[in-house]
>>> print(open('protein-v1.txt').read())   # compact mmCIF, C-alpha atoms
# COMPACT_ATOMS: atom_id res chain seq x y z
CA MET I 27 -154.89 -69.66 47.06
CA VAL I 28 -155.57 -73.12 48.40
CA PRO I 29 -152.52 -74.38 50.34
CA ASN I 30 -153.14 -78.09 49.62
CA PRO I 31 -155.84 -78.65 46.97
CA LEU I 32 -154.90 -82.32 46.58
CA CYS I 33 -156.73 -83.85 49.49
CA GLU I 34 -159.18 -86.61 50.21
CA VAL I 35 -162.81 -85.60 50.51
CA ARG I 36 -165.40 -88.10 51.64
CA GLY I 37 -168.65 -88.30 49.75
CA ARG I 38 -170.76 -90.37 47.40
CA LEU I 39 -171.06 -90.69 43.66
CA LEU I 40 -174.25 -90.20 41.72
CA VAL I 41 -174.19 -91.58 38.18
CA THR I 42 -177.26 -91.05 35.98
CA ASN I 43 -177.95 -90.99 32.26
CA PHE I 44 -177.29 -87.24 32.39
CA ARG I 45 -174.45 -86.66 34.84
CA PHE I 46 -171.61 -87.90 36.99
CA ARG I 47 -171.74 -86.07 40.32
CA PHE I 48 -169.65 -86.25 43.47
CA GLN I 49 -171.67 -85.22 46.52
CA THR I 50 -170.30 -84.34 49.93
CA PRO I 51 -172.36 -84.21 53.12
CA LYS I 52 -173.25 -80.63 54.08
CA GLY I 53 -170.60 -78.91 56.11
CA THR I 54 -167.88 -81.52 55.52
CA LEU I 55 -166.04 -79.85 52.63
CA ARG I 56 -163.04 -77.77 53.67
CA GLU I 57 -163.78 -74.06 53.57
CA GLU I 58 -161.14 -73.29 50.95
CA LEU I 59 -162.66 -75.92 48.63
CA VAL I 60 -166.29 -74.75 48.82
CA TRP I 61 -165.79 -72.69 45.65
CA MET I 62 -165.36 -75.96 43.74
CA GLN I 63 -168.78 -77.10 44.85
CA GLU I 64 -170.34 -73.71 44.08
CA ALA I 65 -168.74 -73.72 40.60
CA LYS I 66 -170.17 -77.23 40.05
CA PHE I 67 -166.68 -78.67 39.58
CA PHE I 68 -167.90 -82.00 40.96
CA ASP I 69 -170.92 -82.10 38.61
CA VAL I 70 -169.99 -83.46 35.16
CA PRO I 71 -172.60 -83.89 32.40
CA MET I 72 -172.09 -87.19 30.54
CA GLY I 73 -171.54 -85.29 27.30
CA LEU I 74 -168.38 -83.76 28.77
CA VAL I 75 -166.67 -87.02 29.68
CA GLU I 76 -163.54 -87.35 27.56
CA GLU I 77 -161.84 -90.31 29.20
CA ALA I 78 -162.44 -92.61 32.13
CA LYS I 79 -159.77 -94.98 33.29
CA GLU I 80 -159.05 -97.22 36.21
CA GLU I 81 -155.79 -97.46 38.10
CA ARG I 82 -154.84 -100.24 40.47
CA SER I 83 -151.78 -99.95 42.68
CA THR I 84 -150.43 -101.02 46.02
CA THR I 85 -149.61 -98.57 48.80
CA ILE I 86 -146.34 -98.62 50.72
CA THR I 87 -148.05 -100.67 53.43
CA GLY I 88 -149.14 -103.28 50.89
CA ALA I 89 -152.82 -102.37 50.82
CA PRO I 90 -154.53 -102.35 47.41
CA GLU I 91 -155.55 -98.93 46.14
CA TYR I 92 -158.22 -98.41 43.50
CA LYS I 93 -158.49 -95.12 41.58
CA PHE I 94 -161.02 -94.04 39.00
CA VAL I 95 -159.80 -91.07 36.96
CA LEU I 96 -162.35 -89.05 34.98
CA ARG I 97 -161.10 -86.46 32.48
CA THR I 98 -163.50 -84.02 30.86
CA LYS I 99 -163.55 -82.05 27.63
CA ASP I 100 -163.28 -78.83 29.65
CA PHE I 101 -159.98 -80.07 31.19
CA ARG I 102 -161.25 -81.10 34.62
CA THR I 103 -159.76 -84.20 36.21
CA LEU I 104 -161.58 -85.97 39.00
CA THR I 105 -159.77 -88.79 40.77
CA VAL I 106 -161.95 -91.03 42.91
CA LEU I 107 -160.32 -93.33 45.46
CA LEU I 108 -162.33 -96.46 46.11
CA VAL I 109 -162.09 -98.96 48.95
CA ALA I 110 -162.91 -102.20 47.14
CA GLU I 111 -162.46 -103.57 43.66
CA GLU I 112 -166.20 -104.31 43.55
CA ASP I 113 -166.87 -100.56 43.93
CA LEU I 114 -164.56 -99.87 41.00
CA GLN I 115 -166.34 -102.45 38.87
CA THR I 116 -169.78 -101.10 39.83
CA LEU I 117 -168.72 -97.55 38.96
CA ARG I 118 -167.27 -98.64 35.61
CA GLU I 119 -170.43 -100.58 34.74
CA ALA I 120 -172.71 -97.68 35.68
CA LEU I 121 -170.67 -95.16 33.71
CA THR I 122 -170.55 -97.45 30.68
CA ALA I 123 -174.27 -98.23 30.84
CA PHE I 124 -175.27 -94.57 31.03
CA SER I 125 -172.68 -92.98 28.73
CA THR I 126 -172.70 -95.51 25.88
CA PRO I 127 -175.78 -97.69 26.16
CA GLY I 128 -176.39 -100.43 23.62
CA ASN I 129 -179.86 -98.99 23.09
CA PRO I 130 -179.69 -95.30 22.02
CA THR I 131 -183.17 -94.65 23.41
CA LEU I 132 -181.60 -94.81 26.90
CA LEU I 133 -179.50 -91.69 26.21
CA PHE I 134 -180.61 -88.57 28.09
CA ALA I 135 -181.31 -86.52 24.97
CA VAL I 136 -183.67 -89.13 23.55
CA ARG I 137 -185.45 -89.79 26.86
CA HIS I 138 -185.86 -86.06 27.50
CA ALA I 139 -187.19 -85.41 23.99
CA GLU I 140 -189.73 -88.22 24.36
CA GLU I 141 -190.95 -86.73 27.64
CA VAL I 142 -191.28 -83.27 26.08
CA TRP I 143 -193.16 -84.63 23.07
CA ALA I 144 -195.47 -86.69 25.28
CA SER I 145 -196.26 -83.70 27.50
CA GLY I 146 -197.02 -81.50 24.50
CA ALA I 147 -194.79 -78.77 25.94
CA GLY I 148 -192.55 -78.71 22.89
CA CYS I 149 -191.87 -75.76 20.62
CA GLY I 150 -195.49 -75.04 19.75
CA GLY I 151 -195.63 -77.51 16.85
CA LEU I 152 -192.27 -76.46 15.41
CA ASP I 153 -190.09 -79.31 14.27
CA GLY I 154 -186.89 -77.30 13.93
CA TRP I 155 -187.13 -76.87 10.18
CA ARG I 156 -189.93 -74.34 10.09
CA VAL I 157 -188.55 -71.99 12.71
CA CYS I 158 -188.43 -69.17 10.18
CA ASP I 159 -189.33 -68.50 6.56
CA PHE I 160 -185.99 -68.34 4.76
CA GLN I 161 -187.38 -66.58 1.68
CA GLN I 162 -188.73 -63.83 3.92
CA GLU I 163 -185.42 -63.59 5.83
CA PHE I 164 -183.39 -63.38 2.59
CA SER I 165 -185.61 -60.62 1.21
CA ARG I 166 -185.37 -58.76 4.56
CA MET I 167 -181.56 -58.84 4.30
CA GLY I 168 -181.62 -57.86 0.62
CA VAL I 169 -180.19 -61.17 -0.60
CA GLU I 170 -181.38 -62.23 -4.05
CA THR I 171 -182.55 -65.81 -4.42
>>> encode(input="protein-v1.txt", output="structure tokens")
Amino acid sequence: MVPNPLCEVRGRLLVTNFRFRFQTPKGTLREELVWMQEAKFFDVPMGLVEEAKEERSTTITGAPEYKFVLRTKDFRTLTVLLVAEEDLQTLREALTAFSTPGNPTLLFAVRHAEEVWASGAGCGGLDGWRVCDFQQEFSRMGVET
């Protein structure tokens, strides 16, 4: 059991067209939280992002506080504390650009498929529709057509 799982961890964010990842420098994560890194808790594929919202508040001392809260479809919640409002804006713009681009060809699935097709390393000429012969499968199972 982790005595205080709600703690600040320093690191950097990596936002790509495939994932949102929080990276910590090696050896800086508390020992009782290493399991989260091993379980890839901090690595969120873009397809799992359910909600992303920004929160602005003021601390007791009067300093501005910027939070970016990311909720996933598998019920993870990552809260990122940022130092400056510009960092919050940059993160929002990057997440928006990669998760819902105006041009669908920028989505990871499309870009990856284009690379596979160009390399010729696809499914051996299969287009997904001719994976099996349905008439043969129905006769094998004894289903009349």
>>> residues_around(input="protein-v1.txt", residues="Leu133 (chain I)", least_positions_apart="6", cutoff="12 Å", atoms="only C-alpha atoms", output="PDB file with C-alpha atoms, in the frame of the given file")
ATOM      1  CA  THR I  42    -177.260 -91.050  35.980  1.00  0.00           C
ATOM      2  CA  ASN I  43    -177.950 -90.990  32.260  1.00  0.00           C
ATOM      3  CA  PHE I  44    -177.290 -87.240  32.390  1.00  0.00           C
ATOM      4  CA  ARG I  45    -174.450 -86.660  34.840  1.00  0.00           C
ATOM      5  CA  MET I  72    -172.090 -87.190  30.540  1.00  0.00           C
ATOM      6  CA  GLY I  73    -171.540 -85.290  27.300  1.00  0.00           C
ATOM      7  CA  THR I 122    -170.550 -97.450  30.680  1.00  0.00           C
ATOM      8  CA  ALA I 123    -174.270 -98.230  30.840  1.00  0.00           C
ATOM      9  CA  PHE I 124    -175.270 -94.570  31.030  1.00  0.00           C
ATOM     10  CA  SER I 125    -172.680 -92.980  28.730  1.00  0.00           C
ATOM     11  CA  THR I 126    -172.700 -95.510  25.880  1.00  0.00           C
ATOM     12  CA  PRO I 127    -175.780 -97.690  26.160  1.00  0.00           C
ATOM     13  CA  ALA I 139    -187.190 -85.410  23.990  1.00  0.00           C
ATOM     14  CA  GLU I 140    -189.730 -88.220  24.360  1.00  0.00           C
TER      15      GLU I 140
END
>>> residues_around(input="protein-v1.txt", residues="Phe48 (chain I)", least_positions_apart="2", cutoff="6 Å", atoms="all atoms listed in the file", output="list of chain:residue names")
I:Arg38, I:Leu39, I:Phe68
>>> atom_distance(input="protein-v1.txt", atom1="CA of Lys93 (chain I)", atom2="CA of Glu77 (chain I)")
13.7 Å
>>> closest_atom_pairs(input="protein-v1.txt", of="region 45-66 of chain I", to="region 105-116 of chain I", cutoff="12 Å", atoms="all atoms listed in the file", output="CSV")
residue,atom,partner,partner_atom,distance
I:Phe46,CA,I:Val106,CA,11.8
I:Arg47,CA,I:Val106,CA,11.3
I:Phe48,CA,I:Val106,CA,9.1
I:Gln49,CA,I:Val106,CA,11.9
>>> atom_distance(input="protein-v1.txt", atom1="CA of Ser83 (chain I)", atom2="CA of Val41 (chain I)")
24.3 Å
>>> atom_distance(input="protein-v1.txt", atom1="CA of Pro71 (chain I)", atom2="CA of Thr103 (chain I)")
13.4 Å
>>> closest_residue(input="protein-v1.txt", among="I:Leu121, I:Val35, I:Cys158, I:Met62", to="Thr50 (chain I)", atoms="all atoms listed in the file")
I:Val35
>>> residues_near_point(input="protein-v1.txt", point="(-163.9, -91.1, 35.8)", cutoff="7 Å", atoms="only C-alpha atoms", output="number ranges by chain")
I: 77-79, 94-97, 104-105
>>> residues_around(input="protein-v1.txt", residues="Glu64 (chain I)", least_positions_apart="5", cutoff="12 Å", atoms="all atoms listed in the file", output="compact mmCIF listing (two decimals) with C-alpha atoms, in the frame of the given file")
# COMPACT_ATOMS: atom_id res chain seq x y z
CA GLN I 49 -171.67 -85.22 46.52
CA LEU I 55 -166.04 -79.85 52.63
CA GLU I 57 -163.78 -74.06 53.57
CA GLU I 58 -161.14 -73.29 50.95
CA LEU I 59 -162.66 -75.92 48.63
CA ASP I 69 -170.92 -82.10 38.61
>>> build_atoms(input="protein-v1.txt", residues="region 79-90 of chain I", atoms="all heavy atoms", output="short mmCIF file (atom, residue, chain, number, x, y, z; two decimals), in the coordinates of the input")
data_model
loop_
_atom_site.label_atom_id
_atom_site.label_comp_id
_atom_site.auth_asym_id
_atom_site.auth_seq_id
_atom_site.Cartn_x
_atom_site.Cartn_y
_atom_site.Cartn_z
N LYS I 79 -160.66 -93.83 33.19
CA LYS I 79 -159.77 -94.98 33.29
C LYS I 79 -159.61 -95.40 34.75
O LYS I 79 -159.80 -94.61 35.67
CB LYS I 79 -158.42 -94.71 32.64
CG LYS I 79 -157.55 -93.71 33.32
CD LYS I 79 -156.23 -93.58 32.57
CE LYS I 79 -155.35 -92.56 33.27
NZ LYS I 79 -154.07 -92.43 32.61
N GLU I 80 -159.23 -96.64 34.90
CA GLU I 80 -159.05 -97.22 36.21
C GLU I 80 -157.56 -97.41 36.47
O GLU I 80 -156.81 -97.72 35.55
CB GLU I 80 -159.74 -98.58 36.29
CG GLU I 80 -161.19 -98.54 35.92
CD GLU I 80 -161.75 -99.93 35.70
OE1 GLU I 80 -161.10 -100.92 36.07
OE2 GLU I 80 -162.84 -100.02 35.14
N GLU I 81 -157.17 -97.23 37.71
CA GLU I 81 -155.79 -97.46 38.10
C GLU I 81 -155.79 -98.32 39.36
O GLU I 81 -156.49 -98.02 40.31
CB GLU I 81 -155.07 -96.14 38.36
CG GLU I 81 -154.96 -95.25 37.14
CD GLU I 81 -154.30 -93.92 37.43
OE1 GLU I 81 -153.88 -93.69 38.60
OE2 GLU I 81 -154.23 -93.10 36.52
N ARG I 82 -155.01 -99.36 39.31
CA ARG I 82 -154.84 -100.24 40.47
C ARG I 82 -153.38 -100.17 40.89
O ARG I 82 -152.49 -100.29 40.05
CB ARG I 82 -155.21 -101.67 40.14
CG ARG I 82 -156.68 -101.86 39.86
CD ARG I 82 -156.92 -103.30 39.36
NE ARG I 82 -158.32 -103.60 39.20
CZ ARG I 82 -159.05 -103.28 38.14
NH1 ARG I 82 -158.50 -102.64 37.14
NH2 ARG I 82 -160.32 -103.60 38.07
N SER I 83 -153.15 -99.98 42.17
CA SER I 83 -151.78 -99.95 42.68
C SER I 83 -151.78 -100.48 44.11
O SER I 83 -152.82 -100.78 44.67
CB SER I 83 -151.22 -98.52 42.62
OG SER I 83 -152.00 -97.66 43.42
N THR I 84 -150.59 -100.56 44.65
CA THR I 84 -150.43 -101.02 46.02
C THR I 84 -149.72 -99.92 46.80
O THR I 84 -148.73 -99.35 46.32
CB THR I 84 -149.60 -102.31 46.06
OG1 THR I 84 -150.21 -103.27 45.20
CG2 THR I 84 -149.54 -102.88 47.46
N THR I 85 -150.23 -99.61 47.98
CA THR I 85 -149.61 -98.57 48.80
C THR I 85 -148.32 -99.11 49.41
O THR I 85 -148.00 -100.29 49.29
CB THR I 85 -150.56 -98.13 49.92
OG1 THR I 85 -150.82 -99.25 50.76
CG2 THR I 85 -151.85 -97.59 49.35
N ILE I 86 -147.61 -98.25 50.08
CA ILE I 86 -146.34 -98.62 50.72
C ILE I 86 -146.57 -99.71 51.76
O ILE I 86 -145.74 -100.59 51.95
CB ILE I 86 -145.68 -97.39 51.36
CG1 ILE I 86 -145.33 -96.38 50.28
CG2 ILE I 86 -144.45 -97.76 52.17
CD1 ILE I 86 -144.87 -95.04 50.79
N THR I 87 -147.74 -99.68 52.40
CA THR I 87 -148.05 -100.67 53.43
C THR I 87 -148.53 -101.99 52.85
O THR I 87 -148.76 -102.93 53.59
CB THR I 87 -149.11 -100.13 54.40
OG1 THR I 87 -150.31 -99.85 53.65
CG2 THR I 87 -148.63 -98.87 55.10
N GLY I 88 -148.71 -102.05 51.54
CA GLY I 88 -149.14 -103.28 50.89
C GLY I 88 -150.63 -103.40 50.66
O GLY I 88 -151.12 -104.40 50.17
N ALA I 89 -151.37 -102.36 51.02
CA ALA I 89 -152.82 -102.37 50.82
C ALA I 89 -153.15 -102.02 49.37
O ALA I 89 -152.50 -101.16 48.77
CB ALA I 89 -153.49 -101.37 51.75
N PRO I 90 -154.14 -102.70 48.78
CA PRO I 90 -154.53 -102.35 47.41
C PRO I 90 -155.22 -100.99 47.37
O PRO I 90 -155.95 -100.63 48.29
CB PRO I 90 -155.48 -103.47 47.01
CG PRO I 90 -155.99 -104.02 48.29
CD PRO I 90 -154.94 -103.80 49.31
#
